[in-house]
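**Q** File final-v9.tsv follows (TSV, C-alpha atoms and all ligand atoms):
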chain	number	residue	atom	x	y	z
V	1	MET	CA	150.50	24.55	31.78
V	2	LEU	CA	147.44	23.31	29.95
V	3	THR	CA	149.45	20.62	28.20
V	4	GLU	CA	150.75	19.35	31.54
V	5	THR	CA	147.33	19.35	33.18
V	6	LEU	CA	145.75	17.62	30.19
V	7	SER	CA	148.35	14.92	29.81
V	8	HIS	CA	147.99	14.11	33.53
V	9	LEU	CA	144.18	13.97	33.32
V	10	HIS	CA	144.26	11.94	30.10
V	11	SER	CA	146.66	9.45	31.66
V	12	LEU	CA	144.24	8.96	34.57
V	13	THR	CA	140.96	8.98	32.65
V	14	ARG	CA	142.17	7.15	29.53
V	15	SER	CA	139.70	7.48	26.68
V	16	PHE	CA	136.98	9.25	28.69
V	17	ARG	CA	135.93	12.43	26.82
V	18	PRO	CA	133.44	14.67	28.66
V	19	GLU	CA	130.86	16.58	26.61
V	20	VAL	CA	129.38	18.70	29.39
V	21	GLY	CA	131.16	20.64	32.15
V	22	ILE	CA	129.46	21.24	35.49
V	23	ILE	CA	130.55	23.56	38.32
V	24	LEU	CA	128.68	23.07	41.59
V	25	GLY	CA	128.22	25.81	44.18
V	26	THR	CA	128.02	26.00	47.96
V	27	GLY	CA	125.86	23.26	49.43
V	28	LEU	CA	124.90	22.04	45.96
V	29	ALA	CA	127.26	19.13	45.48
V	30	GLY	CA	124.52	16.49	45.77
V	31	LEU	CA	124.15	16.27	41.99
V	32	VAL	CA	127.24	14.11	42.15
V	33	ALA	CA	125.12	11.33	43.69
V	34	ASP	CA	123.32	11.11	40.31
V	35	ILE	CA	126.56	10.71	38.37
V	36	ASP	CA	127.82	7.24	37.54
V	37	VAL	CA	131.33	8.12	38.60
V	38	GLU	CA	134.18	6.68	36.55
V	39	TYR	CA	137.11	8.75	37.86
V	40	GLU	CA	137.46	11.05	40.85
V	41	ILE	CA	140.55	13.21	41.11
V	42	ALA	CA	141.35	15.47	44.09
V	43	TYR	CA	142.32	19.00	43.06
V	44	GLU	CA	145.61	18.72	44.92
V	45	ASP	CA	146.57	15.85	42.59
V	46	ILE	CA	145.99	17.91	39.43
V	47	PRO	CA	148.99	19.89	38.12
V	48	HIS	CA	148.37	23.69	38.14
V	49	PHE	CA	145.03	23.44	39.96
V	50	VAL	CA	144.81	25.46	43.16
V	51	HIS	CA	143.08	23.94	46.19
V	52	SER	CA	139.59	24.55	47.54
V	53	THR	CA	140.00	26.06	51.01
V	54	VAL	CA	136.30	26.39	51.90
V	55	GLU	CA	134.85	23.71	54.13
V	56	SER	CA	131.44	23.61	52.41
V	57	HIS	CA	133.18	22.90	49.07
V	58	LYS	CA	134.71	19.55	48.35
V	59	GLY	CA	137.67	19.75	46.03
V	60	LYS	CA	137.32	17.03	43.43
V	61	LEU	CA	137.11	16.76	39.68
V	62	ILE	CA	134.64	14.04	38.81
V	63	PHE	CA	134.42	12.22	35.48
V	64	GLY	CA	131.34	10.13	34.87
V	65	ARG	CA	127.97	9.77	33.21
V	66	LEU	CA	124.91	11.82	34.02
V	67	ALA	CA	121.71	10.92	32.17
V	68	GLY	CA	123.96	8.78	29.97
V	69	LYS	CA	126.15	11.72	28.88
V	70	PRO	CA	129.86	11.92	29.69
V	71	VAL	CA	130.38	14.85	32.05
V	72	VAL	CA	133.22	16.44	33.99
V	73	CYS	CA	132.10	18.01	37.22
V	74	MET	CA	133.85	20.32	39.66
V	75	GLN	CA	132.64	19.31	43.09
V	76	GLY	CA	133.64	22.55	44.76
V	77	ARG	CA	134.92	25.65	43.02
V	78	PHE	CA	137.57	28.26	43.70
V	79	HIS	CA	136.73	31.75	44.90
V	80	TYR	CA	138.58	35.04	44.66
V	81	TYR	CA	138.26	35.50	48.45
V	82	GLU	CA	140.40	32.41	48.98
V	83	GLY	CA	143.31	34.56	47.83
V	84	TYR	CA	143.63	33.21	44.32
V	85	SER	CA	143.79	35.33	41.20
V	86	MET	CA	140.92	35.37	38.73
V	87	LYS	CA	143.21	33.53	36.30
V	88	GLU	CA	143.70	30.75	38.86
V	89	ILE	CA	140.04	30.37	39.74
V	90	THR	CA	139.03	30.16	36.08
V	91	TYR	CA	141.80	27.79	35.01
V	92	PRO	CA	139.49	24.75	35.33
V	93	VAL	CA	137.21	26.24	32.64
V	94	ARG	CA	140.15	26.26	30.25
V	95	VAL	CA	140.94	22.69	31.22
V	96	MET	CA	137.36	21.56	30.68
V	97	GLN	CA	137.30	23.21	27.27
V	98	ALA	CA	140.54	21.46	26.33
V	99	LEU	CA	138.98	18.18	27.50
V	100	GLY	CA	136.27	18.76	24.92
V	101	ILE	CA	133.17	20.07	26.72
V	102	ARG	CA	130.55	21.68	24.48
V	103	ASN	CA	128.35	23.19	27.20
V	104	LEU	CA	128.95	24.45	30.75
V	105	LEU	CA	126.38	24.34	33.56
V	106	ILE	CA	127.07	26.35	36.73
V	107	SER	CA	125.29	26.60	40.07
V	108	ASN	CA	125.82	28.90	43.01
V	109	ALA	CA	124.30	30.00	46.30
V	110	ALA	CA	123.23	33.64	46.23
V	111	GLY	CA	121.50	36.29	48.28
V	112	GLY	CA	118.12	37.49	47.01
V	113	LEU	CA	117.89	41.23	46.30
V	114	ASN	CA	114.57	41.14	44.44
V	115	PRO	CA	111.77	41.42	47.04
V	116	ALA	CA	109.57	39.13	44.94
V	117	PHE	CA	111.97	36.23	45.60
V	118	SER	CA	111.82	33.75	48.50
V	119	GLU	CA	114.45	31.62	50.17
V	120	ALA	CA	115.15	28.33	48.38
V	121	ASP	CA	113.93	29.77	45.07
V	122	ILE	CA	115.93	28.88	41.99
V	123	MET	CA	116.91	31.74	39.67
V	124	LEU	CA	118.02	31.31	36.08
V	125	ILE	CA	120.76	33.89	35.55
V	126	THR	CA	119.90	35.87	32.43
V	127	ASP	CA	122.60	38.53	32.76
V	128	HIS	CA	125.24	39.84	35.14
V	129	ILE	CA	127.03	42.99	36.34
V	130	SER	CA	130.78	42.34	36.48
V	131	LEU	CA	132.00	45.90	37.02
V	132	PHE	CA	132.77	45.60	40.75
V	133	LEU	CA	135.16	42.70	40.56
V	134	PRO	CA	138.65	43.88	41.52
V	135	ASP	CA	140.42	41.57	39.07
V	136	ASN	CA	139.57	40.00	35.74
V	137	PRO	CA	140.53	36.63	34.29
V	138	LEU	CA	141.17	38.22	30.89
V	139	PHE	CA	143.58	40.92	32.09
V	140	GLY	CA	146.98	40.83	30.46
V	141	LYS	CA	148.31	39.20	27.33
V	142	ASN	CA	145.52	37.58	25.39
V	143	THR	CA	146.14	34.27	23.68
V	144	SER	CA	142.82	32.48	23.97
V	145	GLY	CA	140.13	34.35	22.04
V	146	ASP	CA	138.68	37.77	21.31
V	147	ARG	CA	140.50	40.65	23.01
V	148	PHE	CA	137.11	42.29	23.65
V	149	PRO	CA	134.64	39.41	24.08
V	150	ASP	CA	131.06	40.33	23.29
V	151	MET	CA	128.81	40.21	26.35
V	152	SER	CA	125.43	40.84	24.75
V	153	GLU	CA	124.38	37.26	25.55
V	154	PRO	CA	126.71	35.75	28.18
V	155	TYR	CA	124.07	33.16	29.12
V	156	CYS	CA	123.16	31.00	26.14
V	157	PRO	CA	119.61	31.85	24.98
V	158	ASP	CA	119.13	28.33	23.64
V	159	LEU	CA	120.08	26.73	26.99
V	160	LEU	CA	117.81	29.19	28.82
V	161	GLU	CA	114.92	28.28	26.51
V	162	LYS	CA	115.53	24.58	27.10
V	163	ALA	CA	115.68	25.18	30.87
V	164	ARG	CA	112.37	27.08	30.80
V	165	ARG	CA	110.73	24.25	28.91
V	166	ILE	CA	112.01	21.64	31.37
V	167	ILE	CA	110.87	23.77	34.31
V	168	ARG	CA	107.36	23.91	32.78
V	169	GLU	CA	107.20	20.27	31.79
V	170	GLN	CA	108.62	18.87	35.03
V	171	GLY	CA	106.79	21.32	37.27
V	172	ILE	CA	110.07	22.51	38.82
V	173	GLY	CA	108.76	25.60	40.56
V	174	PRO	CA	109.19	28.22	41.80
V	175	VAL	CA	111.84	29.41	39.35
V	176	GLN	CA	112.82	33.04	38.99
V	177	GLU	CA	114.95	34.76	36.39
V	178	GLY	CA	117.26	37.69	36.88
V	179	VAL	CA	120.55	39.54	36.99
V	180	TYR	CA	123.41	38.26	39.17
V	181	VAL	CA	126.00	40.60	40.63
V	182	PRO	CA	129.24	39.13	41.95
V	183	VAL	CA	131.07	40.67	44.89
V	184	PRO	CA	134.59	39.73	46.00
V	185	GLY	CA	133.63	38.75	49.57
V	186	PRO	CA	134.34	37.07	51.89
V	187	GLN	CA	132.34	39.34	54.16
V	188	LEU	CA	128.65	39.59	53.40
V	189	GLU	CA	127.28	42.94	52.34
V	190	THR	CA	126.01	45.77	54.49
V	191	ARG	CA	122.42	46.98	54.23
V	192	ALA	CA	123.70	50.04	52.31
V	193	GLU	CA	125.49	47.77	49.86
V	194	TYR	CA	122.39	45.61	49.30
V	195	ARG	CA	120.37	48.77	48.68
V	196	LEU	CA	122.97	49.97	46.17
V	197	LEU	CA	123.17	46.62	44.34
V	198	ARG	CA	119.38	46.47	44.05
V	199	GLN	CA	119.25	50.02	42.72
V	200	LEU	CA	121.82	49.05	40.11
V	201	GLY	CA	119.48	46.42	38.76
V	202	ALA	CA	120.66	43.18	40.35
V	203	ASP	CA	118.28	40.44	41.52
V	204	ALA	CA	120.82	38.22	43.28
V	205	VAL	CA	124.29	38.67	44.77
V	206	GLY	CA	127.03	36.13	45.29
V	207	MET	CA	130.76	35.57	45.37
V	208	SER	CA	131.36	33.43	42.30
V	209	THR	CA	130.35	32.35	38.79
V	210	VAL	CA	130.99	35.48	36.73
V	211	PRO	CA	134.77	34.98	36.35
V	212	GLU	CA	134.11	31.48	34.99
V	213	VAL	CA	131.37	32.82	32.70
V	214	ILE	CA	133.67	35.53	31.30
V	215	VAL	CA	136.27	32.91	30.38
V	216	ALA	CA	133.65	30.54	28.95
V	217	VAL	CA	132.23	33.34	26.79
V	218	GLN	CA	135.69	34.16	25.46
V	219	LEU	CA	136.19	30.47	24.69
V	220	LYS	CA	132.72	30.39	23.08
V	221	ILE	CA	131.36	27.69	25.39
V	222	PRO	CA	127.57	28.04	25.82
V	223	VAL	CA	126.77	28.57	29.53
V	224	LEU	CA	123.72	28.07	31.70
V	225	ALA	CA	124.04	29.36	35.26
V	226	VAL	CA	121.57	28.99	38.10
V	227	SER	CA	121.47	30.64	41.53
V	228	VAL	CA	119.82	29.12	44.55
V	229	ILE	CA	118.53	31.93	46.73
V	230	THR	CA	119.85	30.93	50.15
V	231	ASP	CA	119.10	34.12	52.08
V	232	MET	CA	117.08	37.26	51.44
V	233	CYS	CA	119.03	40.52	51.37
V	234	ILE	CA	116.36	43.19	51.76
V	235	PRO	CA	117.86	46.10	53.75
V	236	GLU	CA	114.73	46.79	55.83
V	237	THR	CA	114.23	43.20	56.99
V	238	LEU	CA	117.78	41.87	56.90
V	239	LYS	CA	118.64	39.15	59.41
V	240	LYS	CA	122.10	38.09	60.49
V	241	ALA	CA	123.59	35.72	57.92
V	242	GLU	CA	124.24	32.22	59.19
V	243	LEU	CA	126.07	29.61	57.15
V	244	GLN	CA	123.79	26.87	58.56
V	245	HIS	CA	120.73	28.73	57.29
V	246	ILE	CA	122.35	29.25	53.86
V	247	LEU	CA	123.28	25.57	53.61
V	248	ALA	CA	119.79	24.46	54.74
V	249	ASN	CA	118.14	26.51	51.98
V	250	ALA	CA	120.65	25.21	49.46
V	251	ALA	CA	119.72	21.67	50.54
V	252	THR	CA	115.99	22.45	50.14
V	253	ALA	CA	116.46	23.70	46.59
V	254	GLU	CA	119.03	21.16	45.54
V	255	PRO	CA	116.72	18.34	44.33
V	256	ARG	CA	114.98	20.80	41.96
V	257	MET	CA	118.29	22.08	40.66
V	258	THR	CA	119.60	18.57	40.21
V	259	LEU	CA	116.47	17.59	38.27
V	260	LEU	CA	116.86	20.66	36.04
V	261	PHE	CA	120.52	19.92	35.27
V	262	ARG	CA	119.87	16.22	34.65
V	263	GLU	CA	116.95	16.86	32.29
V	264	LEU	CA	118.85	19.64	30.53
V	265	ILE	CA	121.86	17.40	29.95
V	266	LYS	CA	119.56	14.85	28.26
V	267	THR	CA	118.68	17.47	25.62
V	268	LEU	CA	122.28	18.44	24.76
V	269	ASP	CA	124.08	17.14	21.73
V	301	LIG	N1	126.02	37.85	49.53
V	301	LIG	C1	127.03	37.30	48.87
V	301	LIG	N2	127.10	36.00	48.66
V	301	LIG	C2	126.11	35.23	49.11
V	301	LIG	C3	125.05	35.74	49.79
V	301	LIG	C4	125.00	37.12	50.01
V	301	LIG	O1	124.09	37.64	50.62
V	301	LIG	N3	124.24	34.70	50.10
V	301	LIG	C5	124.79	33.59	49.63
V	301	LIG	N4	125.94	33.90	49.01
Show me, as structure tokens, the structure contained in the file I just sent.
Ligand code: HPA

**A**
Amino acid sequence: MLTETLSHLHSLTRSFRPEVGIILGTGLAGLVADIDVEYEIAYEDIPHFVHSTVESHKGKLIFGRLAGKPVVCMQGRFHYYEGYSMKEITYPVRVMQALGIRNLLISNAAGGLNPAFSEADIMLITDHISLFLPDNPLFGKNTSGDRFPDMSEPYCPDLLEKARRIIREQGIGPVQEGVYVPVPGPQLETRAEYRLLRQLGADAVGMSTVPEVIVAVQLKIPVLAVSVITDMCIPETLKKAELQHILANAATAEPRMTLLFRELIKTLD
């Protein structure tokens, strides 16, 4: 499969060799405006890619330069709730690795469980809780890396340190740090579920990212992942979730996230 996908992409993008992979989350696709796009390929035109079925996610693989560096960017990602397997939604990570990326940057929209957070905050993900996912991209025959990948540092400490420095130097505040817990979705959580997830030690909850991180860790690709807190999920003060509200907060935070990714990419070798 990988050979077929790669030969198709190579035939379209010729000698372009991306060094950084980027996966953009809900309402956070604006970073693409900063990319000097060289090639844009719709997911439906890529062999063995599934299709993005969510309206707020565009389904395109973008090859271009960001801050002078060759990048490959998923404008729109795949989610488990779309009915795909974890293997299918993480396939693009394998493709990006085969294309030659040396670092992976991921963004997502997430609900805030930590009462100290506010809407439109950015949170550097320092750790995650993957136990509640009903499927796993590494289930089954293993041909791509460690059978039991170490998860003591799923988020690259060096990338986190660089991100913290950029946040300080560029005055990109407010930025939080914390633990992300993925849920399968697509329904949002009940108050009882938010209470439970908070008690378990999570700071933010969302429906993505961790499957891709698990695969990237097995493939030994350093990852930085960032959540934009699009809605607060405090049981006592919970309001009805509205996609418009989530997208508006994503849009508010997006310029800060874009700045962080662009500056971070400048520091990568
Ligand atoms: N739960 C799950 N995913 C989310 C949420 C949430 O509250 N907010 C944004 N994505």

**Q** Please identify the residues whose atoms come within 6 Å of ligand LIG 301 (chain V), using all atoms listed in the file, and report them as a PyMOL selection string.

**A** chain V and resi 109-111+188-189+205-207+230-231+233

**Q** Within 9 Å of stretch 12-29 of chain V, counting all atoms listed in the file, which residues show up once you throw out same-chain ones fewer than 6 positions away? Write them as a PyMOL selection string, please.

**A** chain V and resi 38-39+41+56-58+63-65+69-77+93+96-97+99-109+208-209+227-228+246-251+253-254+257-258+265+268-269

**Q** Using all atoms listed in the file, can you tell me which of V:His10, V:Ala67, V:Leu264, V:Leu31 comes closest to V:Ile166?

**A** V:Leu264

**Q** Check the smallest atom-to-atom distance from each of V:Pro47, V:Gly173, V:Gly145, V:Gly30 to V:Thr3 using only C-alpha atoms, then report the winner.

**A** V:Pro47

**Q** For the atom pair atom CA of V:Met86 and atom CA of V:Pro137, what is the interatomic distance in Å to one decimal place?

**A** 4.6 Å

**Q** Rounded to one decimal in Å, what is the spacing between atom CA of V:Val223 and atom CA of V:Glu193?

**A** 28.0 Å

**Q** Have a look at atom CA of V:Ser144 and atom CA of V:Val215 and let me know their distance in Å, one decimal.

**A**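 Separation of atom CA of V:Ser144 and atom CA of V:Val215: 9.2 Å.
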
**Q** Leaving out V:Phe148 and any residue of its chain fewer than 3 positions from it, which residues lie within 12 Å of it when counting only C-alpha atoms, given as a ChimeraX atom specification?

**A** /V:138-139,142,144-145,151-152,214-215,217-219

**Q** Show me, as a list in words, the residues that have an atom within 10 Å of V:Pro154 when counting only C-alpha atoms, minus same-chain residues fewer than 2 positions from it.

**A**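 The filter keeps Ile125, Thr126, Asp127, His128, Pro149, Asp150, Met151, Ser152, Cys156, Pro157, Val210, Val213, Ile214, Ala216, Val217, Gln218, Lys220, Ile221, Pro222, Val223, Leu224 and Ala225 of chain V.
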